[in-house]
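Engineer: This structure is in structure tokens; I'll ask about it shortly.
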Amino acid sequence: AACTRANAGADLHGVAPMEDSAPERYALVLCDTQVDLLNAIPEGNRTALITQLRELLQAARRADWLVVFSGTRFQPGYDGVHTRHRLFGGLKRLNQKQGDDKVHWLMEGRDGAEIHPDLSPVEGEPVVWRQQLRPNEELIAALKAKNTTKVVLAGVKTAQGILATCEALADESFLVYIVRECVGDSDEARGAVVLDHVLNQYADVLAVDAFREQISQEIMMEHTVSTTLP
């Protein structure tokens with residue numbers, strides 16, 4: 001996704017009330033922000049995306065939001081991956097011919113499978129690994145354990161991990177935000193189509209300035225309600 005000079009990392013303190021007057025609880029989920037996947041994005045877009053993600057991550061931490069990392073990582077030899085898997089089966093088949101030394105994309109123990117150093121988790125932030133497109137129950141459990149109601153979803157790829165995770169979160173009745181400048185895809189045109197015509201079925205897809213404004217409005221609403229309740 002094309003990035004602007006604005007950043008998402010602003011004014012994240014405060015939350016809006018639910019119908020029963022309990023406060024909303026926010027989480028930031030960073031999806032597949034690993035070296036191999038980020039390197040698949042053209043350099044200019046990649047640099048801007050990492051900057052936006054870092055700003056958003058820092059702001060979420062300042063606001064004391066739950067931060068969860070979700071990543072794709074495979075066992076050596078792509079153990080557990082079926083050779084007929086539409087996306088990952090080709091890696092398994094090629095690895096069977098050439099071995100781990102040559103074919104190790106997103107493989108555990110390899111540098112490319114690690115979360116980008118500019119976006120590394122800090123102590124206490126869960127990291128949930130998977131070998132499939134959709135997130136596993138561990139991600140959902142981490143969110144529910146903190147009574148999360150709203151999720152800001154960011155990372156890569158827009159048309160794969162982001163889409164699959166967004167669908168899963170929507171199925172669990174989380175309200176989801178996606179900031180356009182904080183997601184990316186190796187195919188920019190494909191990512192734009194998914195943002196414009198698919199993800200907006202499941203999430204509020206907002207440009208960074210609109211996201212900041214909406215969060216600010218929720219802060220004001222929460223403060224208003226908290227001062228008027230008996």
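In the structure tokens, each chain is lettered A, B, ... as it comes, each chain's residues begin at 1, and ligands are numbered from 1 in order of appearance.
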Which residues in stretch 34-68 of chain A does DSSP call alpha helix (DSSP H)? List them as an MDAnalysis selection string.

Structural biologist: chainID A and resid 35:39 43:62

Engineer: If we count only C-alpha atoms and set the cut-off at 8 Å, which residues sit around stretch 113-116 of chain A, ignoring sequence neighbours fewer than 5 positions away in its own chain? Please answer as a PyMOL selection string.

Structural biologist: chain A and resi 32-36+71-73+105-108

Engineer: Mind writing the picked residues with all heavy atoms as a compact mmCIF listing (two decimals), in the first residue's frame?

Structural biologist:
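Listing of part.txt after writing:
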# COMPACT_ATOMS: atom_id res chain seq x y z
N ASP A 32 2.40 -11.25 10.36
CA ASP A 32 3.41 -11.68 9.38
C ASP A 32 4.45 -10.60 9.08
O ASP A 32 4.90 -10.44 7.93
CB ASP A 32 2.75 -12.13 8.08
CG ASP A 32 1.97 -13.42 8.26
OD1 ASP A 32 2.20 -14.13 9.26
OD2 ASP A 32 1.11 -13.72 7.40
N THR A 33 4.87 -9.86 10.10
CA THR A 33 5.88 -8.81 9.90
C THR A 33 7.28 -9.41 9.99
O THR A 33 8.14 -8.94 10.75
CB THR A 33 5.70 -7.69 10.93
OG1 THR A 33 5.67 -8.25 12.25
CG2 THR A 33 4.41 -6.93 10.68
N GLN A 34 7.50 -10.44 9.20
CA GLN A 34 8.77 -11.17 9.20
C GLN A 34 9.64 -10.76 8.01
O GLN A 34 9.15 -10.25 7.00
CB GLN A 34 8.49 -12.67 9.16
CG GLN A 34 7.78 -13.17 10.42
CD GLN A 34 6.94 -14.39 10.14
OE1 GLN A 34 5.74 -14.31 9.87
NE2 GLN A 34 7.60 -15.56 10.17
N VAL A 35 10.92 -10.97 8.17
CA VAL A 35 11.88 -10.49 7.19
C VAL A 35 11.58 -11.03 5.79
O VAL A 35 11.56 -10.28 4.80
CB VAL A 35 13.31 -10.85 7.63
CG1 VAL A 35 14.32 -10.51 6.53
CG2 VAL A 35 13.67 -10.14 8.93
N ASP A 36 11.34 -12.34 5.67
CA ASP A 36 11.10 -12.92 4.34
C ASP A 36 9.89 -12.28 3.66
O ASP A 36 9.92 -11.99 2.45
CB ASP A 36 10.87 -14.43 4.46
CG ASP A 36 12.16 -15.22 4.52
OD1 ASP A 36 13.22 -14.68 4.17
OD2 ASP A 36 12.11 -16.41 4.93
N GLY A 71 2.49 -14.79 13.30
CA GLY A 71 3.44 -15.03 12.23
C GLY A 71 3.30 -16.40 11.61
O GLY A 71 2.77 -17.34 12.21
N THR A 72 3.79 -16.53 10.38
CA THR A 72 3.83 -17.80 9.66
C THR A 72 5.24 -18.37 9.75
O THR A 72 6.20 -17.71 9.35
CB THR A 72 3.45 -17.60 8.18
OG1 THR A 72 2.18 -16.95 8.11
CG2 THR A 72 3.38 -18.93 7.46
N ARG A 73 5.35 -19.57 10.28
CA ARG A 73 6.68 -20.17 10.42
C ARG A 73 6.57 -21.69 10.30
O ARG A 73 5.68 -22.30 10.87
CB ARG A 73 7.28 -19.81 11.79
CG ARG A 73 8.72 -20.23 11.94
CD ARG A 73 9.38 -19.55 13.14
NE ARG A 73 8.91 -20.09 14.41
CZ ARG A 73 9.35 -19.66 15.60
NH1 ARG A 73 10.25 -18.69 15.67
NH2 ARG A 73 8.90 -20.19 16.71
N TRP A 105 12.44 -20.70 3.16
CA TRP A 105 11.61 -19.51 3.30
C TRP A 105 10.67 -19.67 4.49
O TRP A 105 9.94 -20.66 4.59
CB TRP A 105 10.83 -19.31 2.01
CG TRP A 105 10.10 -18.00 1.88
CD1 TRP A 105 10.66 -16.78 1.67
CD2 TRP A 105 8.69 -17.81 1.92
NE1 TRP A 105 9.66 -15.82 1.58
CE2 TRP A 105 8.46 -16.42 1.74
CE3 TRP A 105 7.60 -18.66 2.11
CZ2 TRP A 105 7.16 -15.87 1.72
CZ3 TRP A 105 6.33 -18.13 2.10
CH2 TRP A 105 6.12 -16.75 1.91
N LEU A 106 10.73 -18.74 5.43
CA LEU A 106 9.91 -18.75 6.64
C LEU A 106 10.13 -20.00 7.49
O LEU A 106 9.23 -20.42 8.22
CB LEU A 106 8.42 -18.60 6.30
CG LEU A 106 8.00 -17.23 5.73
CD1 LEU A 106 6.51 -17.25 5.35
CD2 LEU A 106 8.27 -16.11 6.72
N MET A 107 11.31 -20.56 7.43
CA MET A 107 11.59 -21.78 8.20
C MET A 107 12.16 -21.42 9.57
O MET A 107 13.02 -20.56 9.70
CB MET A 107 12.57 -22.68 7.43
CG MET A 107 12.83 -24.03 8.10
SD MET A 107 13.89 -25.10 7.08
CE MET A 107 12.76 -25.49 5.73
N GLU A 108 11.67 -22.11 10.58
CA GLU A 108 12.13 -21.89 11.94
C GLU A 108 13.65 -22.04 12.02
O GLU A 108 14.23 -22.95 11.43
CB GLU A 108 11.47 -22.89 12.88
CG GLU A 108 11.85 -22.72 14.33
CD GLU A 108 11.10 -23.66 15.25
OE1 GLU A 108 10.26 -24.45 14.76
OE2 GLU A 108 11.37 -23.61 16.47

Engineer: Pull the closest atom pair for each residue of stretch 159-202 of chain A that gets at most 9 Å from stretch 135-148 of chain A, along with the distance in Å to one decimal, counting only C-alpha atoms, ordering rows by chain and then ascending residue number, as a Markdown table.

Structural biologist:
| residue | atom | partner | partner_atom | distance |
| --- | --- | --- | --- | --- |
| A:Gly161 | CA | A:Pro135 | CA | 8.3 |
| A:Ala164 | CA | A:Pro135 | CA | 7.3 |
| A:Thr165 | CA | A:Pro135 | CA | 5.8 |
| A:Ala168 | CA | A:Pro135 | CA | 7.1 |
| A:Leu169 | CA | A:Ile140 | CA | 7.6 |
| A:Glu172 | CA | A:Ile140 | CA | 8.0 |
| A:Phe174 | CA | A:Thr148 | CA | 7.7 |

Engineer: Show me, as a PDB file with C-alpha atoms, in the first residue's frame, the residues that have an atom within 12 Å of A:Ala192 when counting only C-alpha atoms, minus same-chain residues fewer than 6 positions from it.

Structural biologist:
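After the write, result-v6.pdb holds the following:
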ATOM      1  CA  ALA A   1       0.000   0.000   0.000  1.00  0.00           C
ATOM      2  CA  ALA A   2       1.233   3.474  -0.817  1.00  0.00           C
ATOM      3  CA  LYS A 157       0.195  -9.596   3.017  1.00  0.00           C
ATOM      4  CA  THR A 158      -3.039  -7.714   2.445  1.00  0.00           C
ATOM      5  CA  ALA A 159      -4.522 -10.424   0.221  1.00  0.00           C
ATOM      6  CA  ARG A 180      -4.407   1.554   4.730  1.00  0.00           C
ATOM      7  CA  GLU A 181      -0.869   2.796   5.231  1.00  0.00           C
ATOM      8  CA  VAL A 183      -0.747  -2.992   5.457  1.00  0.00           C
ATOM      9  CA  GLY A 184       1.237  -4.101   2.423  1.00  0.00           C
ATOM     10  CA  ASP A 185       1.302  -6.699  -0.311  1.00  0.00           C
ATOM     11  CA  SER A 186       3.973  -7.918  -2.715  1.00  0.00           C
ATOM     12  CA  VAL A 198     -13.095  -7.287   0.155  1.00  0.00           C
ATOM     13  CA  LEU A 199     -11.725  -6.219   3.533  1.00  0.00           C
ATOM     14  CA  ASN A 200     -14.265  -3.429   3.889  1.00  0.00           C
ATOM     15  CA  VAL A 205     -10.704   0.349   6.312  1.00  0.00           C
TER      16      VAL A 205
END

Engineer: Just checking: using only C-alpha atoms, which residue out of A:Val208, A:Glu218, A:Ala154, A:Gly112 ends up closest to A:Ala40?

Structural biologist: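 Result for the nearest residue to A:Ala40: A:Gly112.
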
Engineer: Could you name the residues that touch A:Phe69 at 7 Å or less, counting only C-alpha atoms, but leaving out those on the same chain fewer than 3 positions away, as a list in words?

Structural biologist: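 My reading of the contact set: Val29, Leu30, Cys31, Pro126, Val127 and Val128 of chain A.
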
Engineer: May I have the selected residues written with all heavy atoms, as a PDB file, in the first residue's frame?

Structural biologist:
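So the final result, stored in out_9.pdb, reads:
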ATOM      1  N   VAL A  29      -2.862  -6.146  16.474  1.00  0.00           N
ATOM      2  CA  VAL A  29      -2.346  -7.420  15.976  1.00  0.00           C
ATOM      3  C   VAL A  29      -1.463  -7.132  14.772  1.00  0.00           C
ATOM      4  O   VAL A  29      -1.925  -6.595  13.760  1.00  0.00           O
ATOM      5  CB  VAL A  29      -3.478  -8.389  15.591  1.00  0.00           C
ATOM      6  CG1 VAL A  29      -2.898  -9.639  14.919  1.00  0.00           C
ATOM      7  CG2 VAL A  29      -4.283  -8.786  16.823  1.00  0.00           C
ATOM      8  N   LEU A  30      -0.176  -7.473  14.910  1.00  0.00           N
ATOM      9  CA  LEU A  30       0.766  -7.336  13.798  1.00  0.00           C
ATOM     10  C   LEU A  30       0.912  -8.698  13.131  1.00  0.00           C
ATOM     11  O   LEU A  30       1.353  -9.664  13.753  1.00  0.00           O
ATOM     12  CB  LEU A  30       2.112  -6.836  14.297  1.00  0.00           C
ATOM     13  CG  LEU A  30       2.171  -5.351  14.684  1.00  0.00           C
ATOM     14  CD1 LEU A  30       3.560  -4.991  15.184  1.00  0.00           C
ATOM     15  CD2 LEU A  30       1.801  -4.468  13.507  1.00  0.00           C
ATOM     16  N   CYS A  31       0.554  -8.750  11.867  1.00  0.00           N
ATOM     17  CA  CYS A  31       0.464 -10.021  11.138  1.00  0.00           C
ATOM     18  C   CYS A  31       1.641 -10.176  10.166  1.00  0.00           C
ATOM     19  O   CYS A  31       1.866  -9.318   9.299  1.00  0.00           O
ATOM     20  CB  CYS A  31      -0.853 -10.040  10.366  1.00  0.00           C
ATOM     21  SG  CYS A  31      -1.153 -11.558   9.445  1.00  0.00           S
ATOM     22  N   PRO A 126       2.567 -11.353  23.386  1.00  0.00           N
ATOM     23  CA  PRO A 126       2.476 -12.703  22.831  1.00  0.00           C
ATOM     24  C   PRO A 126       2.882 -12.761  21.363  1.00  0.00           C
ATOM     25  O   PRO A 126       2.606 -11.846  20.595  1.00  0.00           O
ATOM     26  CB  PRO A 126       0.986 -13.054  22.986  1.00  0.00           C
ATOM     27  CG  PRO A 126       0.435 -12.064  23.961  1.00  0.00           C
ATOM     28  CD  PRO A 126       1.269 -10.831  23.828  1.00  0.00           C
ATOM     29  N   VAL A 127       3.537 -13.861  21.003  1.00  0.00           N
ATOM     30  CA  VAL A 127       3.862 -14.155  19.611  1.00  0.00           C
ATOM     31  C   VAL A 127       3.236 -15.501  19.286  1.00  0.00           C
ATOM     32  O   VAL A 127       3.545 -16.518  19.922  1.00  0.00           O
ATOM     33  CB  VAL A 127       5.380 -14.199  19.362  1.00  0.00           C
ATOM     34  CG1 VAL A 127       5.663 -14.485  17.896  1.00  0.00           C
ATOM     35  CG2 VAL A 127       6.040 -12.896  19.803  1.00  0.00           C
ATOM     36  N   VAL A 128       2.344 -15.504  18.308  1.00  0.00           N
ATOM     37  CA  VAL A 128       1.571 -16.698  17.970  1.00  0.00           C
ATOM     38  C   VAL A 128       1.986 -17.154  16.574  1.00  0.00           C
ATOM     39  O   VAL A 128       1.827 -16.415  15.589  1.00  0.00           O
ATOM     40  CB  VAL A 128       0.059 -16.389  18.003  1.00  0.00           C
ATOM     41  CG1 VAL A 128      -0.738 -17.640  17.641  1.00  0.00           C
ATOM     42  CG2 VAL A 128      -0.356 -15.852  19.367  1.00  0.00           C
TER      43      VAL A 128
END

Engineer: With DSSP run on the backbone, what are the strand (DSSP E) residues within stretch 23-212 of chain A? I'd like them as number ranges by chain.

Structural biologist: A: 26-31, 66-72, 127-130, 150-156, 175-184, 204-206

Engineer: How would the residues just chosen look if you wrote them out with C-alpha atoms as a PDB file, in the first residue's frame?

Structural biologist:
ATOM      1  CA  TYR A  26      -8.207  -2.342  22.121  1.00  0.00           C
ATOM      2  CA  ALA A  27      -5.508  -4.596  20.761  1.00  0.00           C
ATOM      3  CA  LEU A  28      -2.994  -4.246  17.965  1.00  0.00           C
ATOM      4  CA  VAL A  29      -2.346  -7.420  15.976  1.00  0.00           C
ATOM      5  CA  LEU A  30       0.766  -7.336  13.798  1.00  0.00           C
ATOM      6  CA  CYS A  31       0.464 -10.021  11.138  1.00  0.00           C
ATOM      7  CA  LEU A  66      -2.527  -5.333  24.136  1.00  0.00           C
ATOM      8  CA  VAL A  67      -0.028  -6.068  21.340  1.00  0.00           C
ATOM      9  CA  VAL A  68      -0.032  -9.509  19.731  1.00  0.00           C
ATOM     10  CA  PHE A  69       2.250 -10.742  16.952  1.00  0.00           C
ATOM     11  CA  SER A  70       0.947 -13.395  14.553  1.00  0.00           C
ATOM     12  CA  GLY A  71       3.441 -15.034  12.226  1.00  0.00           C
ATOM     13  CA  THR A  72       3.828 -17.803   9.660  1.00  0.00           C
ATOM     14  CA  VAL A 127       3.862 -14.155  19.611  1.00  0.00           C
ATOM     15  CA  VAL A 128       1.571 -16.698  17.970  1.00  0.00           C
ATOM     16  CA  TRP A 129       2.983 -18.895  15.201  1.00  0.00           C
ATOM     17  CA  ARG A 130       1.032 -20.856  12.600  1.00  0.00           C
ATOM     18  CA  LYS A 150     -11.662  -3.915  19.044  1.00  0.00           C
ATOM     19  CA  VAL A 151      -8.616  -4.913  17.023  1.00  0.00           C
ATOM     20  CA  VAL A 152      -6.357  -2.823  14.830  1.00  0.00           C
ATOM     21  CA  LEU A 153      -4.911  -5.248  12.285  1.00  0.00           C
ATOM     22  CA  ALA A 154      -1.678  -4.376  10.475  1.00  0.00           C
ATOM     23  CA  GLY A 155       1.132  -6.078   8.557  1.00  0.00           C
ATOM     24  CA  VAL A 156       1.352  -8.229   5.425  1.00  0.00           C
ATOM     25  CA  LEU A 175     -14.661  -4.934  15.623  1.00  0.00           C
ATOM     26  CA  VAL A 176     -11.685  -4.506  13.322  1.00  0.00           C
ATOM     27  CA  TYR A 177      -9.826  -1.470  12.020  1.00  0.00           C
ATOM     28  CA  ILE A 178      -7.384  -1.621   9.126  1.00  0.00           C
ATOM     29  CA  VAL A 179      -5.209   1.428   8.433  1.00  0.00           C
ATOM     30  CA  ARG A 180      -4.407   1.554   4.730  1.00  0.00           C
ATOM     31  CA  GLU A 181      -0.869   2.796   5.231  1.00  0.00           C
ATOM     32  CA  CYS A 182      -0.160  -0.008   7.722  1.00  0.00           C
ATOM     33  CA  VAL A 183      -0.747  -2.992   5.457  1.00  0.00           C
ATOM     34  CA  GLY A 184       1.237  -4.101   2.423  1.00  0.00           C
ATOM     35  CA  ASP A 204     -13.353  -0.342   8.943  1.00  0.00           C
ATOM     36  CA  VAL A 205     -10.704   0.349   6.312  1.00  0.00           C
ATOM     37  CA  LEU A 206      -9.403   3.845   6.968  1.00  0.00           C
TER      38      LEU A 206
END

Engineer: One decimal, in Å: what's the spacing between atom CA of A:Thr51 and atom CA of A:Glu24?

Structural biologist: 27.2 Å

Engineer: Quick one: of A:Val193, A:Leu87, A:Ile50, A:Ala63, who's nearest to A:Gln132, counting only C-alpha atoms?

Structural biologist: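 Closest candidate: A:Leu87.
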
Engineer: Which residues are near A:Lys92? Cut-off 12 Å, only C-alpha atoms, ignore same chain within fewer than 6 positions. Put them as a list in words.

Structural biologist: Phe74, Gln75, Pro76, Gly77, Tyr78, Asp79, Gly80, Val81, His82, Thr83, Arg84, His85, Arg86, Gln98, Gly99, Asp100, Val103, His104, Trp105, Leu106 and Met107 of chain A

Engineer: Emit the selected residues as a PDB file, in the first residue's frame, including N, CA and C atoms.

Structural biologist:
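Written out: selection27.pdb:
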ATOM      1  N   PHE A  74       7.490 -22.263   9.534  1.00  0.00           N
ATOM      2  CA  PHE A  74       7.439 -23.687   9.225  1.00  0.00           C
ATOM      3  C   PHE A  74       8.571 -24.441   9.909  1.00  0.00           C
ATOM      4  N   GLN A  75       8.300 -25.700  10.185  1.00  0.00           N
ATOM      5  CA  GLN A  75       9.310 -26.590  10.746  1.00  0.00           C
ATOM      6  C   GLN A  75      10.321 -26.973   9.658  1.00  0.00           C
ATOM      7  N   PRO A  76      11.530 -27.384  10.045  1.00  0.00           N
ATOM      8  CA  PRO A  76      12.499 -27.857   9.052  1.00  0.00           C
ATOM      9  C   PRO A  76      11.887 -28.931   8.149  1.00  0.00           C
ATOM     10  N   GLY A  77      12.247 -28.861   6.878  1.00  0.00           N
ATOM     11  CA  GLY A  77      11.679 -29.800   5.914  1.00  0.00           C
ATOM     12  C   GLY A  77      10.225 -29.544   5.606  1.00  0.00           C
ATOM     13  N   TYR A  78       9.692 -28.434   6.093  1.00  0.00           N
ATOM     14  CA  TYR A  78       8.266 -28.116   5.949  1.00  0.00           C
ATOM     15  C   TYR A  78       7.403 -29.263   6.453  1.00  0.00           C
ATOM     16  N   ASP A  79       7.854 -29.821   7.559  1.00  0.00           N
ATOM     17  CA  ASP A  79       7.116 -30.908   8.189  1.00  0.00           C
ATOM     18  C   ASP A  79       5.707 -30.448   8.532  1.00  0.00           C
ATOM     19  N   GLY A  80       4.729 -31.243   8.172  1.00  0.00           N
ATOM     20  CA  GLY A  80       3.336 -30.923   8.443  1.00  0.00           C
ATOM     21  C   GLY A  80       2.635 -30.186   7.321  1.00  0.00           C
ATOM     22  N   VAL A  81       3.367 -29.758   6.305  1.00  0.00           N
ATOM     23  CA  VAL A  81       2.773 -29.078   5.162  1.00  0.00           C
ATOM     24  C   VAL A  81       2.465 -30.106   4.077  1.00  0.00           C
ATOM     25  N   HIS A  82       1.247 -30.125   3.613  1.00  0.00           N
ATOM     26  CA  HIS A  82       0.866 -31.069   2.559  1.00  0.00           C
ATOM     27  C   HIS A  82       1.414 -30.590   1.227  1.00  0.00           C
ATOM     28  N   THR A  83       1.911 -31.523   0.424  1.00  0.00           N
ATOM     29  CA  THR A  83       2.493 -31.162  -0.869  1.00  0.00           C
ATOM     30  C   THR A  83       1.461 -30.560  -1.821  1.00  0.00           C
ATOM     31  N   ARG A  84       0.175 -30.745  -1.524  1.00  0.00           N
ATOM     32  CA  ARG A  84      -0.860 -30.217  -2.404  1.00  0.00           C
ATOM     33  C   ARG A  84      -1.431 -28.889  -1.898  1.00  0.00           C
ATOM     34  N   HIS A  85      -0.874 -28.362  -0.833  1.00  0.00           N
ATOM     35  CA  HIS A  85      -1.352 -27.065  -0.359  1.00  0.00           C
ATOM     36  C   HIS A  85      -1.163 -26.025  -1.460  1.00  0.00           C
ATOM     37  N   ARG A  86      -2.200 -25.239  -1.704  1.00  0.00           N
ATOM     38  CA  ARG A  86      -2.201 -24.315  -2.839  1.00  0.00           C
ATOM     39  C   ARG A  86      -1.042 -23.313  -2.787  1.00  0.00           C
ATOM     40  N   GLN A  98      15.725 -30.105  -2.872  1.00  0.00           N
ATOM     41  CA  GLN A  98      16.941 -29.323  -2.681  1.00  0.00           C
ATOM     42  C   GLN A  98      17.388 -29.213  -1.230  1.00  0.00           C
ATOM     43  N   GLY A  99      16.520 -29.532  -0.292  1.00  0.00           N
ATOM     44  CA  GLY A  99      16.918 -29.523   1.109  1.00  0.00           C
ATOM     45  C   GLY A  99      16.797 -28.157   1.776  1.00  0.00           C
ATOM     46  N   ASP A 100      16.953 -28.160   3.116  1.00  0.00           N
ATOM     47  CA  ASP A 100      16.761 -26.951   3.911  1.00  0.00           C
ATOM     48  C   ASP A 100      17.792 -25.866   3.617  1.00  0.00           C
ATOM     49  N   VAL A 103      16.257 -24.209   0.409  1.00  0.00           N
ATOM     50  CA  VAL A 103      14.839 -23.838   0.449  1.00  0.00           C
ATOM     51  C   VAL A 103      14.409 -23.750   1.903  1.00  0.00           C
ATOM     52  N   HIS A 104      14.405 -22.526   2.433  1.00  0.00           N
ATOM     53  CA  HIS A 104      14.089 -22.348   3.853  1.00  0.00           C
ATOM     54  C   HIS A 104      13.280 -21.081   4.101  1.00  0.00           C
ATOM     55  N   TRP A 105      12.441 -20.703   3.156  1.00  0.00           N
ATOM     56  CA  TRP A 105      11.611 -19.512   3.299  1.00  0.00           C
ATOM     57  C   TRP A 105      10.670 -19.671   4.488  1.00  0.00           C
ATOM     58  N   LEU A 106      10.732 -18.740   5.427  1.00  0.00           N
ATOM     59  CA  LEU A 106       9.907 -18.751   6.641  1.00  0.00           C
ATOM     60  C   LEU A 106      10.130 -19.996   7.493  1.00  0.00           C
ATOM     61  N   MET A 107      11.314 -20.560   7.429  1.00  0.00           N
ATOM     62  CA  MET A 107      11.588 -21.781   8.195  1.00  0.00           C
ATOM     63  C   MET A 107      12.157 -21.422   9.567  1.00  0.00           C
TER      64      MET A 107
END

Engineer: I'd like the interatomic distance between atom CA of A:Arg190 and atom CA of A:Ile162, to a tenth of an Å.

Structural biologist: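 Atom-to-atom, atom CA of A:Arg190 to atom CA of A:Ile162, that is 12.7 Å.
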